[in-house]
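The data block below is input.tsv; it holds TSV, C-alpha atoms.
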```
chain	number	residue	atom	x	y	z
J	6	MET	CA	-2.95	35.10	57.75
J	7	ARG	CA	-0.34	33.27	59.80
J	8	ILE	CA	1.43	30.30	58.27
J	9	THR	CA	3.78	27.77	59.74
J	10	SER	CA	5.46	25.04	57.79
J	11	ARG	CA	7.52	22.02	58.69
J	12	ALA	CA	9.29	19.71	56.27
J	13	ALA	CA	7.77	16.27	56.73
J	14	GLY	CA	10.06	14.65	54.19
J	15	ALA	CA	12.63	15.40	51.51
J	16	PRO	CA	11.37	18.10	49.12
J	17	LEU	CA	10.48	17.02	45.64
J	18	ALA	CA	12.72	17.94	42.74
J	19	VAL	CA	11.18	20.67	40.65
J	20	ALA	CA	10.07	19.46	37.23
J	21	LEU	CA	9.15	21.52	34.21
J	22	ALA	CA	8.38	19.14	31.34
J	23	LEU	CA	5.52	20.48	29.24
J	24	ALA	CA	4.39	18.27	26.38
J	25	LEU	CA	2.14	21.08	25.18
J	26	ALA	CA	1.25	24.49	26.54
J	27	ALA	CA	-2.11	23.00	27.47
J	28	CYS	CA	-0.73	20.27	29.75
J	29	GLY	CA	2.14	19.96	32.20
J	30	THR	CA	3.70	16.98	33.91
J	31	THR	CA	5.24	16.81	37.35
J	32	GLU	CA	7.31	14.50	39.47
J	33	SER	CA	5.29	11.86	41.36
J	34	PRO	CA	4.01	13.69	44.44
J	35	ALA	CA	3.44	12.66	48.00
J	36	THR	CA	-0.22	11.79	48.41
J	37	ASP	CA	-0.42	11.99	52.21
J	38	ALA	CA	-2.44	14.89	53.54
J	39	SER	CA	-3.12	15.35	57.22
J	40	PRO	CA	-6.71	16.20	58.13
J	41	ALA	CA	-7.55	19.82	58.65
J	42	THR	CA	-7.89	20.68	62.31
J	43	ALA	CA	-10.94	22.70	61.31
J	44	GLY	CA	-14.16	20.82	60.86
J	45	SER	CA	-16.27	20.85	57.71
J	46	ASP	CA	-17.91	23.90	56.18
J	47	GLY	CA	-18.57	26.71	58.61
J	48	ASP	CA	-15.91	25.82	61.23
J	49	ALA	CA	-13.43	28.69	61.43
J	50	GLY	CA	-10.72	26.91	63.43
J	51	PRO	CA	-7.10	26.59	62.29
J	52	VAL	CA	-6.39	24.50	59.21
J	53	THR	CA	-3.36	22.23	58.82
J	54	VAL	CA	-2.55	20.18	55.71
J	55	THR	CA	0.50	18.36	54.42
J	56	ASP	CA	1.12	19.24	50.78
J	57	ALA	CA	2.79	17.40	47.91
J	58	ARG	CA	6.27	18.41	49.13
J	59	GLY	CA	5.67	16.80	52.50
J	60	VAL	CA	5.50	20.29	54.03
J	61	GLU	CA	2.97	20.89	56.79
J	62	VAL	CA	1.13	24.17	56.22
J	63	THR	CA	-0.99	25.76	58.94
J	64	LEU	CA	-3.40	28.64	58.41
J	65	ASP	CA	-5.38	30.53	61.04
J	66	GLY	CA	-8.63	29.45	59.40
J	67	PRO	CA	-10.12	28.31	56.09
J	68	ALA	CA	-8.63	30.33	53.22
J	69	GLU	CA	-10.96	32.79	51.52
J	70	ARG	CA	-8.73	34.84	49.24
J	71	VAL	CA	-6.99	32.24	47.10
J	72	ALA	CA	-5.07	32.19	43.84
J	73	VAL	CA	-3.90	29.30	41.71
J	74	THR	CA	-1.39	28.56	38.97
J	75	GLU	CA	-2.85	25.31	37.61
J	76	TRP	CA	-6.18	25.12	35.81
J	77	ASN	CA	-7.38	21.88	37.40
J	78	VAL	CA	-7.21	23.52	40.83
J	79	ALA	CA	-8.92	26.64	39.45
J	80	GLU	CA	-11.78	24.39	38.36
J	81	TYR	CA	-11.83	22.67	41.76
J	82	LEU	CA	-12.15	26.03	43.51
J	83	VAL	CA	-15.07	27.21	41.38
J	84	SER	CA	-16.83	23.86	41.79
J	85	LEU	CA	-16.30	24.01	45.55
J	86	GLY	CA	-17.87	27.45	45.78
J	87	ALA	CA	-14.56	29.09	46.70
J	88	PRO	CA	-13.74	30.92	43.44
J	89	PRO	CA	-10.16	32.18	43.11
J	90	VAL	CA	-9.29	35.86	43.02
J	91	GLY	CA	-6.23	35.10	40.87
J	92	VAL	CA	-5.56	32.52	38.14
J	93	ALA	CA	-2.55	32.00	35.87
J	94	ASP	CA	-3.20	32.59	32.16
J	95	VAL	CA	-6.89	33.46	32.42
J	96	GLU	CA	-7.26	33.66	28.64
J	97	GLY	CA	-5.87	30.15	28.26
J	98	PHE	CA	-8.17	28.82	30.95
J	99	THR	CA	-11.27	30.27	29.31
J	100	THR	CA	-10.14	28.85	25.96
J	101	TRP	CA	-9.58	25.31	27.20
J	102	ASP	CA	-12.10	25.00	30.05
J	103	SER	CA	-15.69	26.14	29.57
J	104	THR	CA	-17.05	23.74	32.18
J	105	VAL	CA	-16.87	26.36	34.93
J	106	THR	CA	-16.84	30.15	34.79
J	107	LEU	CA	-14.22	32.24	36.56
J	108	PRO	CA	-15.29	35.40	38.39
J	109	ASP	CA	-15.49	38.45	36.11
J	110	ASP	CA	-12.98	40.31	38.26
J	111	VAL	CA	-10.41	37.52	38.53
J	112	THR	CA	-6.81	38.73	38.24
J	113	ASP	CA	-4.41	37.16	35.76
J	114	ILE	CA	-1.30	36.33	37.80
J	115	GLY	CA	0.96	35.52	34.85
J	116	SER	CA	2.09	32.23	33.38
J	117	ARG	CA	1.36	28.84	34.86
J	118	GLY	CA	5.05	28.09	35.25
J	119	GLU	CA	6.13	31.50	36.51
J	120	PRO	CA	3.44	33.67	38.11
J	121	SER	CA	4.02	37.37	38.72
J	122	ILE	CA	5.25	38.05	42.24
J	123	ASP	CA	3.96	41.63	42.05
J	124	SER	CA	0.49	40.50	40.97
J	125	LEU	CA	0.34	37.97	43.78
J	126	ALA	CA	1.48	40.48	46.39
J	127	ALA	CA	-1.29	42.90	45.38
J	128	LEU	CA	-4.05	40.35	46.01
J	129	ASP	CA	-3.71	40.05	49.81
J	130	LEU	CA	-3.92	36.28	49.54
J	131	ASP	CA	-4.63	33.78	52.27
J	132	VAL	CA	-2.98	31.05	50.19
J	133	LEU	CA	-1.62	30.26	46.72
J	134	PHE	CA	-2.18	26.80	45.25
J	135	VAL	CA	0.52	25.56	42.87
J	136	THR	CA	1.89	22.33	41.49
J	137	ASP	CA	5.62	21.64	41.44
J	138	SER	CA	5.91	22.57	37.75
J	139	LEU	CA	6.91	26.15	38.54
J	140	VAL	CA	10.35	27.33	37.48
J	141	GLU	CA	13.13	26.53	39.90
J	142	GLY	CA	13.12	28.72	42.99
J	143	ALA	CA	9.69	30.25	42.33
J	144	ILE	CA	7.90	28.44	45.14
J	145	GLU	CA	10.49	29.49	47.70
J	146	GLN	CA	10.38	33.09	46.52
J	147	ILE	CA	6.59	33.24	46.69
J	148	GLU	CA	6.44	31.45	50.02
J	149	ALA	CA	8.54	34.18	51.62
J	150	GLN	CA	5.46	36.43	51.30
J	151	ILE	CA	2.41	34.19	50.78
J	152	PRO	CA	1.37	30.80	52.18
J	153	VAL	CA	1.81	28.16	49.47
J	154	VAL	CA	0.14	24.76	49.21
J	155	VAL	CA	1.61	22.48	46.56
J	156	VAL	CA	-1.08	20.23	45.11
J	157	PRO	CA	0.02	16.88	43.68
J	158	GLY	CA	-0.07	16.44	39.93
J	159	GLY	CA	-1.69	13.42	38.35
J	160	ASP	CA	-1.17	9.79	39.24
J	161	ALA	CA	-1.43	7.32	36.38
J	162	SER	CA	-1.82	4.43	38.81
J	163	ASP	CA	-5.16	5.83	40.04
J	164	PRO	CA	-6.13	8.90	38.01
J	165	VAL	CA	-9.70	9.36	39.25
J	166	GLY	CA	-8.71	8.66	42.84
J	167	ALA	CA	-5.90	11.22	42.55
J	168	MET	CA	-8.32	13.84	41.25
J	169	PHE	CA	-10.60	13.39	44.25
J	170	ALA	CA	-7.66	13.31	46.67
J	171	ASN	CA	-6.52	16.65	45.25
J	172	LEU	CA	-10.05	18.01	45.46
J	173	ASP	CA	-10.21	16.98	49.11
J	174	LEU	CA	-6.89	18.72	49.84
J	175	VAL	CA	-8.14	21.97	48.31
J	176	ALA	CA	-11.44	21.57	50.16
J	177	GLU	CA	-9.62	21.18	53.49
J	178	VAL	CA	-7.69	24.40	52.91
J	179	THR	CA	-10.83	26.33	51.96
J	180	GLY	CA	-13.23	24.75	54.44
J	181	THR	CA	-15.48	23.32	51.73
J	182	GLN	CA	-15.36	19.62	52.60
J	183	ASP	CA	-19.13	19.24	52.44
J	184	ARG	CA	-19.22	20.42	48.85
J	185	ALA	CA	-16.30	18.11	47.96
J	186	ALA	CA	-18.33	15.18	49.27
J	187	GLU	CA	-21.28	16.30	47.14
J	188	LEU	CA	-19.08	16.45	44.03
J	189	ARG	CA	-17.85	12.92	44.66
J	190	ALA	CA	-21.43	11.71	45.10
J	191	GLU	CA	-22.48	13.48	41.89
J	192	TYR	CA	-19.70	11.72	39.98
J	193	ASP	CA	-20.49	8.31	41.48
J	194	ASP	CA	-24.19	8.73	40.72
J	195	ALA	CA	-23.48	9.81	37.13
J	196	VAL	CA	-21.19	6.82	36.56
J	197	ALA	CA	-23.78	4.43	38.00
J	198	ALA	CA	-26.53	5.90	35.81
J	199	ALA	CA	-24.31	5.77	32.73
J	200	ARG	CA	-23.35	2.14	33.35
J	201	GLU	CA	-27.01	1.24	33.64
J	202	GLU	CA	-27.78	3.01	30.37
J	203	LEU	CA	-24.75	1.61	28.54
J	204	GLY	CA	-25.05	-1.94	29.78
J	205	ASP	CA	-22.04	-4.22	29.48
J	206	VAL	CA	-19.42	-2.37	27.40
J	207	SER	CA	-16.43	-4.43	28.52
J	208	GLY	CA	-16.00	-5.56	24.93
J	209	VAL	CA	-16.11	-2.05	23.50
J	210	GLN	CA	-12.57	-0.91	22.70
J	211	VAL	CA	-12.09	2.85	23.06
J	212	ALA	CA	-9.06	4.90	22.06
J	213	PHE	CA	-9.21	8.52	23.26
J	214	ALA	CA	-6.57	10.87	21.88
J	215	ASP	CA	-5.76	14.38	20.85
J	216	GLY	CA	-3.24	15.56	18.30
J	217	TYR	CA	-1.40	18.51	16.90
J	218	ASP	CA	0.26	19.42	13.64
J	219	THR	CA	3.94	20.34	13.90
J	220	GLY	CA	3.98	21.55	10.30
J	221	GLU	CA	6.01	18.53	9.29
J	222	ALA	CA	3.94	15.75	10.84
J	223	VAL	CA	0.87	15.16	12.96
J	224	VAL	CA	1.61	13.97	16.47
J	225	ILE	CA	-1.03	11.89	18.25
J	226	ARG	CA	-1.29	11.85	22.04
J	227	PRO	CA	-3.00	8.73	23.40
J	228	TYR	CA	-4.94	9.15	26.65
J	229	THR	CA	-4.06	5.76	28.06
J	230	ALA	CA	-5.73	3.95	30.95
J	231	GLY	CA	-3.52	6.01	33.27
J	232	SER	CA	-4.97	9.32	32.10
J	233	LEU	CA	-7.86	10.99	33.89
J	234	VAL	CA	-10.08	10.51	30.85
J	235	GLY	CA	-8.93	6.90	30.62
J	236	GLY	CA	-9.80	6.40	34.27
J	237	VAL	CA	-13.33	7.73	33.71
J	238	LEU	CA	-13.81	5.48	30.68
J	239	ALA	CA	-12.65	2.52	32.78
J	240	ASP	CA	-15.15	3.48	35.49
J	241	LEU	CA	-17.84	3.28	32.80
J	242	GLY	CA	-16.67	-0.22	31.88
J	243	PHE	CA	-15.04	0.40	28.49
J	244	ALA	CA	-11.94	-1.50	27.36
J	245	ASP	CA	-8.72	0.41	26.67
J	246	ALA	CA	-7.84	0.03	22.99
J	247	TRP	CA	-4.41	1.58	23.57
J	248	SER	CA	-3.35	-1.56	25.45
J	249	ALA	CA	-3.16	-3.30	22.06
J	250	VAL	CA	-0.36	-0.99	20.86
J	251	PRO	CA	3.03	-2.65	21.41
J	252	ASP	CA	5.52	-0.84	23.65
J	253	LEU	CA	3.31	2.22	24.04
J	254	GLU	CA	4.86	4.43	26.69
J	255	SER	CA	3.00	7.02	28.74
J	256	ASP	CA	4.11	9.35	31.49
J	257	GLU	CA	3.57	8.22	35.07
J	258	ASP	CA	1.70	11.36	36.11
J	259	TYR	CA	-0.87	12.08	33.41
J	260	GLY	CA	-0.97	8.83	31.43
J	261	LEU	CA	-0.26	10.58	28.13
J	262	GLY	CA	1.65	8.95	25.30
J	263	GLN	CA	2.95	10.22	21.98
J	264	VAL	CA	2.79	8.32	18.69
J	265	ASP	CA	2.70	8.94	14.96
J	266	VAL	CA	-0.26	8.26	12.69
J	267	GLU	CA	1.19	4.96	11.51
J	268	THR	CA	1.04	3.61	15.07
J	269	LEU	CA	-2.75	3.83	15.00
J	270	ALA	CA	-2.78	0.80	12.69
J	271	HIS	CA	-2.07	-1.32	15.77
J	272	LEU	CA	-5.44	-0.45	17.29
J	273	PRO	CA	-8.16	-3.11	16.97
J	274	ALA	CA	-10.30	-2.76	13.85
J	275	ASP	CA	-13.45	-2.26	15.94
J	276	THR	CA	-11.95	0.56	18.00
J	277	ARG	CA	-14.15	3.53	18.89
J	278	PHE	CA	-11.87	6.52	18.31
J	279	TRP	CA	-12.84	9.57	20.37
J	280	TYR	CA	-11.12	12.93	20.78
J	281	PRO	CA	-11.59	16.41	22.30
J	282	GLY	CA	-13.78	18.72	20.25
J	283	THR	CA	-12.89	22.22	19.11
J	284	SER	CA	-14.72	24.92	17.22
J	285	GLU	CA	-11.49	25.87	15.45
J	286	ALA	CA	-11.18	23.74	12.32
J	287	SER	CA	-7.41	24.28	12.26
J	288	SER	CA	-7.13	22.64	15.69
J	289	ASP	CA	-9.02	19.48	14.71
J	290	VAL	CA	-6.22	17.46	13.17
J	291	PHE	CA	-8.43	14.42	12.64
J	292	ALA	CA	-10.97	16.26	10.52
J	293	GLY	CA	-8.41	18.71	9.16
J	294	ALA	CA	-4.72	17.88	8.75
J	295	LEU	CA	-5.40	14.13	8.47
J	296	ALA	CA	-8.44	14.37	6.21
J	297	GLN	CA	-6.31	13.60	3.15
J	298	ASN	CA	-3.79	11.37	4.94
J	299	ALA	CA	-3.85	7.94	3.34
J	300	VAL	CA	-2.82	6.13	6.52
J	301	TRP	CA	-5.53	7.77	8.65
J	302	THR	CA	-8.35	7.50	6.11
J	303	ALA	CA	-7.58	3.80	5.56
J	304	LEU	CA	-8.11	2.98	9.24
J	305	PRO	CA	-11.46	1.21	9.76
J	306	PHE	CA	-12.48	3.55	12.59
J	307	ALA	CA	-11.39	6.86	11.03
J	308	SER	CA	-14.69	7.66	9.34
J	309	SER	CA	-16.62	7.10	12.58
J	310	ALA	CA	-14.29	9.03	14.90
J	311	VAL	CA	-16.25	11.15	17.38
J	312	ALA	CA	-15.32	14.61	18.64
J	313	PHE	CA	-16.57	15.40	22.14
J	314	ASP	CA	-17.95	18.81	23.06
J	315	GLU	CA	-15.35	21.56	23.08
J	316	GLY	CA	-14.16	23.23	26.25
J	317	ILE	CA	-13.74	20.09	28.36
J	318	TRP	CA	-10.46	20.34	30.26
J	319	MET	CA	-9.16	16.78	30.03
J	320	PHE	CA	-7.03	17.27	33.14
J	321	GLY	CA	-9.71	19.10	35.13
J	322	GLY	CA	-12.04	18.35	38.00
J	323	PRO	CA	-15.22	16.39	38.66
J	324	GLU	CA	-17.43	18.71	36.62
J	325	SER	CA	-15.24	18.27	33.53
J	326	MET	CA	-15.29	14.51	34.10
J	327	LEU	CA	-19.09	14.57	34.27
J	328	ARG	CA	-18.98	15.98	30.75
J	329	ILE	CA	-16.71	13.09	29.74
J	330	VAL	CA	-19.31	10.68	31.12
J	331	GLU	CA	-22.04	12.41	29.10
J	332	GLY	CA	-19.88	12.45	25.98
J	333	ALA	CA	-19.04	8.77	26.28
J	334	VAL	CA	-22.69	7.79	26.62
J	335	ALA	CA	-23.58	9.86	23.57
J	336	ALA	CA	-20.64	8.56	21.50
J	337	ALA	CA	-21.37	4.93	22.36
J	338	GLY	CA	-25.03	5.26	21.36
```
Re-express the file's structure as C-alpha cells.
Amino acid sequence: MRITSRAAGAPLAVALALALAACGTTESPATDASPATAGSDGDAGPVTVTDARGVEVTLDGPAERVAVTEWNVAEYLVSLGAPPVGVADVEGFTTWDSTVTLPDDVTDIGSRGEPSIDSLAALDLDVLFVTDSLVEGAIEQIEAQIPVVVVPGGDASDPVGAMFANLDLVAEVTGTQDRAAELRAEYDDAVAAAREELGDVSGVQVAFADGYDTGEAVVIRPYTAGSLVGGVLADLGFADAWSAVPDLESDEDYGLGQVDVETLAHLPADTRFWYPGTSEASSDVFAGALAQNAVWTALPFASSAVAFDEGIWMFGGPESMLRIVEGAVAAAG
C-alpha cells in the first residue's frame, strides 16, 4: 500500500519512561488529526491522517492488515471490528486485558518498546500503529518498510476525551468510523444510566490505586483525576479523594502518581478505596503484602477496600472503561 508522509511540525522527542512493565508514559503528543479523505465505513477512497508526530500519512485506502505495539490500540482495533494481525507481547496482553479477545492466529511482534522488524516484514502490513515510546530510531527504521501511524499517548488534562480522540484516529485509518461512533454512544449511555442509578455521588470520595511489592517496600500508584480511570469516575460524579493528599504529583500523560503506604493516611476517613482485581494472590498487595502492615490496617477504609474484576486494562479503550463503570456502580452499592 502506498504511503506518503509530510512533516507538519517538529517531531516529538522519543520517550521511554516505564513506571511498570504494564504501563508506559510518553511525551505530550499533538492531538490534531486531519479528517480522512475516505468517508465512513465502506468507502474505499484514500485515507489521510496527521499522527502524533505531526506527520501526515496517506494510504491508498482503509487499512486492513494492521499491527500494533501498544495494548490500548490493540483493544481499539478489536472493538472497532478491525482485529490486528500482529500485537506486541501477546502473552502480556492476554494477562492484563481480558475485555476483548485477540484473533487466535495473531502474531507476536516482539516487545512493546522494540518490535521485531523481521516479524513485521513477514506480515505484509498496510500500517503499524505505535506510540512514541519505542526505542530511539525504531520508528524510522520500521517506516522505511511499513507505513507507521503514531497514536498519541494519554492526556491527563482530558483523559476520556483523549481516549476517544485516539479511537477516532484509529477508526479513520481503518475505515471504521461508524463503529467508533457507536462505541462513544455506548459509553455515554452507560454513564448516563449509571448516574441515574447512583444518584448524587459528588460527596463520595474515591481513591483508585494499584500497587506492587519491591521486596523492601510496597509502592502505591494513585490513579488521580488525570488518569483514564479517574476520568471515568469523574464522569460518574464521584469526588477525587487523591486531591486531599498534599503535593501529590502525577505524570502529565497518564495521571499516575507514586506514594508509600504512609501517604494514604492523608486520604479522607470516609474514602472508598478501590483497586484492580487479580486472581493471583501474590499480585494483590492490599490483601496480601499489606495484610499485616500496621499502617494499612489502621486506615479506616482498609477493611472495606474493593477489588474490581480482574483483566480490566486500566489504560485501555471504551470497552474496558465500560467495565470500570460497572465496577464503580457495584462497589458504591
Checklist entry - Which residues come within 6 Å of Asp56 (chain J), counting all atoms listed in the file, excluding same-chain residues fewer than 3 positions away, as number ranges by chain? => result J: 59-60, 154-155
Please dump the current selection as a compact mmCIF listing (two decimals), in the frame of the given file; keep C-alpha atoms.
```
# COMPACT_ATOMS: atom_id res chain seq x y z
CA GLY J 59 5.67 16.80 52.50
CA VAL J 60 5.50 20.29 54.03
CA VAL J 154 0.14 24.76 49.21
CA VAL J 155 1.61 22.48 46.56
```
Next on the checklist: So, with all atoms listed in the file as the atoms that count, which of J:Gly142, J:Pro51, J:Gly91, J:Asp258 lies closest to Asp110 (chain J)?
Outcome noted: J:Gly91
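Distances to Asp205 (chain J) were evaluated for J:Gly242, J:Pro251, J:Gly115, J:Pro89 using only C-alpha atoms, and the minimum falls at J:Gly242.
Each of J:Glu80, J:Glu75, J:Glu177, J:Asp131 was compared to Ile317 (chain J) using all atoms listed in the file, and J:Glu80 turns out to be the nearest.
Here CA of Glu141 (chain J) and CA of Thr99 (chain J) stand 26.9 Å from one another.
Atom pair CA of Ser288 (chain J) / CA of Ala79 (chain J) has a distance of 24.2 Å (rounded to one decimal).
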Have region 55-87 of chain J completed to N, CA and C atoms, please, and pass it along as a PDB file, in the frame of the given file.
```pdb
ATOM      1  N   THR J  55      -0.832  18.717  54.911  1.00  0.00           N
ATOM      2  CA  THR J  55       0.500  18.360  54.420  1.00  0.00           C
ATOM      3  C   THR J  55       0.421  18.312  52.907  1.00  0.00           C
ATOM      4  N   ASP J  56       1.243  19.124  52.239  1.00  0.00           N
ATOM      5  CA  ASP J  56       1.120  19.240  50.780  1.00  0.00           C
ATOM      6  C   ASP J  56       2.008  18.241  50.057  1.00  0.00           C
ATOM      7  N   ALA J  57       2.095  18.383  48.748  1.00  0.00           N
ATOM      8  CA  ALA J  57       2.790  17.400  47.910  1.00  0.00           C
ATOM      9  C   ALA J  57       4.284  17.349  48.173  1.00  0.00           C
ATOM     10  N   ARG J  58       4.842  18.394  48.797  1.00  0.00           N
ATOM     11  CA  ARG J  58       6.270  18.410  49.130  1.00  0.00           C
ATOM     12  C   ARG J  58       6.544  17.648  50.418  1.00  0.00           C
ATOM     13  N   GLY J  59       5.488  17.317  51.168  1.00  0.00           N
ATOM     14  CA  GLY J  59       5.670  16.800  52.500  1.00  0.00           C
ATOM     15  C   GLY J  59       5.817  17.921  53.508  1.00  0.00           C
ATOM     16  N   VAL J  60       5.421  19.137  53.145  1.00  0.00           N
ATOM     17  CA  VAL J  60       5.500  20.290  54.030  1.00  0.00           C
ATOM     18  C   VAL J  60       4.158  20.492  54.716  1.00  0.00           C
ATOM     19  N   GLU J  61       4.191  20.643  56.029  1.00  0.00           N
ATOM     20  CA  GLU J  61       2.970  20.890  56.790  1.00  0.00           C
ATOM     21  C   GLU J  61       2.686  22.390  56.794  1.00  0.00           C
ATOM     22  N   VAL J  62       1.525  22.764  56.327  1.00  0.00           N
ATOM     23  CA  VAL J  62       1.130  24.170  56.220  1.00  0.00           C
ATOM     24  C   VAL J  62      -0.053  24.410  57.149  1.00  0.00           C
ATOM     25  N   THR J  63       0.075  25.421  58.010  1.00  0.00           N
ATOM     26  CA  THR J  63      -0.990  25.760  58.940  1.00  0.00           C
ATOM     27  C   THR J  63      -1.469  27.187  58.695  1.00  0.00           C
ATOM     28  N   LEU J  64      -2.771  27.336  58.555  1.00  0.00           N
ATOM     29  CA  LEU J  64      -3.400  28.640  58.410  1.00  0.00           C
ATOM     30  C   LEU J  64      -4.281  28.904  59.620  1.00  0.00           C
ATOM     31  N   ASP J  65      -4.546  30.175  59.897  1.00  0.00           N
ATOM     32  CA  ASP J  65      -5.380  30.530  61.040  1.00  0.00           C
ATOM     33  C   ASP J  65      -6.812  30.025  60.894  1.00  0.00           C
ATOM     34  N   GLY J  66      -7.273  29.909  59.661  1.00  0.00           N
ATOM     35  CA  GLY J  66      -8.630  29.450  59.400  1.00  0.00           C
ATOM     36  C   GLY J  66      -8.755  29.104  57.932  1.00  0.00           C
ATOM     37  N   PRO J  67      -9.918  28.641  57.502  1.00  0.00           N
ATOM     38  CA  PRO J  67     -10.120  28.310  56.090  1.00  0.00           C
ATOM     39  C   PRO J  67      -9.791  29.512  55.193  1.00  0.00           C
ATOM     40  N   ALA J  68      -9.053  29.258  54.127  1.00  0.00           N
ATOM     41  CA  ALA J  68      -8.630  30.330  53.220  1.00  0.00           C
ATOM     42  C   ALA J  68      -9.813  30.847  52.415  1.00  0.00           C
ATOM     43  N   GLU J  69      -9.892  32.161  52.297  1.00  0.00           N
ATOM     44  CA  GLU J  69     -10.960  32.790  51.520  1.00  0.00           C
ATOM     45  C   GLU J  69     -10.429  33.472  50.265  1.00  0.00           C
ATOM     46  N   ARG J  70      -9.326  34.189  50.404  1.00  0.00           N
ATOM     47  CA  ARG J  70      -8.730  34.840  49.240  1.00  0.00           C
ATOM     48  C   ARG J  70      -7.616  33.935  48.717  1.00  0.00           C
ATOM     49  N   VAL J  71      -7.907  33.243  47.621  1.00  0.00           N
ATOM     50  CA  VAL J  71      -6.990  32.240  47.100  1.00  0.00           C
ATOM     51  C   VAL J  71      -6.669  32.532  45.642  1.00  0.00           C
ATOM     52  N   ALA J  72      -5.477  32.123  45.242  1.00  0.00           N
ATOM     53  CA  ALA J  72      -5.070  32.190  43.840  1.00  0.00           C
ATOM     54  C   ALA J  72      -4.461  30.854  43.464  1.00  0.00           C
ATOM     55  N   VAL J  73      -4.316  30.623  42.157  1.00  0.00           N
ATOM     56  CA  VAL J  73      -3.900  29.300  41.710  1.00  0.00           C
ATOM     57  C   VAL J  73      -3.158  29.407  40.383  1.00  0.00           C
ATOM     58  N   THR J  74      -2.141  28.564  40.227  1.00  0.00           N
ATOM     59  CA  THR J  74      -1.390  28.560  38.970  1.00  0.00           C
ATOM     60  C   THR J  74      -1.891  27.494  37.999  1.00  0.00           C
ATOM     61  N   GLU J  75      -2.446  26.391  38.505  1.00  0.00           N
ATOM     62  CA  GLU J  75      -2.850  25.310  37.610  1.00  0.00           C
ATOM     63  C   GLU J  75      -4.370  25.298  37.412  1.00  0.00           C
ATOM     64  N   TRP J  76      -4.780  25.000  36.185  1.00  0.00           N
ATOM     65  CA  TRP J  76      -6.180  25.120  35.810  1.00  0.00           C
ATOM     66  C   TRP J  76      -7.070  24.067  36.466  1.00  0.00           C
ATOM     67  N   ASN J  77      -6.531  22.868  36.737  1.00  0.00           N
ATOM     68  CA  ASN J  77      -7.380  21.880  37.400  1.00  0.00           C
ATOM     69  C   ASN J  77      -7.811  22.380  38.773  1.00  0.00           C
ATOM     70  N   VAL J  78      -6.871  23.008  39.504  1.00  0.00           N
ATOM     71  CA  VAL J  78      -7.210  23.520  40.830  1.00  0.00           C
ATOM     72  C   VAL J  78      -8.146  24.723  40.722  1.00  0.00           C
ATOM     73  N   ALA J  79      -7.981  25.530  39.672  1.00  0.00           N
ATOM     74  CA  ALA J  79      -8.920  26.640  39.450  1.00  0.00           C
ATOM     75  C   ALA J  79     -10.331  26.094  39.276  1.00  0.00           C
ATOM     76  N   GLU J  80     -10.453  25.003  38.525  1.00  0.00           N
ATOM     77  CA  GLU J  80     -11.780  24.390  38.360  1.00  0.00           C
ATOM     78  C   GLU J  80     -12.288  23.832  39.676  1.00  0.00           C
ATOM     79  N   TYR J  81     -11.412  23.166  40.449  1.00  0.00           N
ATOM     80  CA  TYR J  81     -11.830  22.670  41.760  1.00  0.00           C
ATOM     81  C   TYR J  81     -12.447  23.791  42.586  1.00  0.00           C
ATOM     82  N   LEU J  82     -11.736  24.928  42.644  1.00  0.00           N
ATOM     83  CA  LEU J  82     -12.150  26.030  43.510  1.00  0.00           C
ATOM     84  C   LEU J  82     -13.524  26.568  43.122  1.00  0.00           C
ATOM     85  N   VAL J  83     -13.755  26.728  41.822  1.00  0.00           N
ATOM     86  CA  VAL J  83     -15.070  27.210  41.380  1.00  0.00           C
ATOM     87  C   VAL J  83     -16.135  26.183  41.728  1.00  0.00           C
ATOM     88  N   SER J  84     -15.852  24.914  41.486  1.00  0.00           N
ATOM     89  CA  SER J  84     -16.830  23.860  41.790  1.00  0.00           C
ATOM     90  C   SER J  84     -17.129  23.772  43.279  1.00  0.00           C
ATOM     91  N   LEU J  85     -16.136  24.072  44.099  1.00  0.00           N
ATOM     92  CA  LEU J  85     -16.300  24.010  45.550  1.00  0.00           C
ATOM     93  C   LEU J  85     -17.015  25.226  46.117  1.00  0.00           C
ATOM     94  N   GLY J  86     -17.246  26.229  45.284  1.00  0.00           N
ATOM     95  CA  GLY J  86     -17.870  27.450  45.780  1.00  0.00           C
ATOM     96  C   GLY J  86     -16.892  28.373  46.462  1.00  0.00           C
ATOM     97  N   ALA J  87     -15.601  28.232  46.147  1.00  0.00           N
ATOM     98  CA  ALA J  87     -14.560  29.090  46.700  1.00  0.00           C
ATOM     99  C   ALA J  87     -13.751  29.679  45.534  1.00  0.00           C
TER     100      ALA J  87
END
```
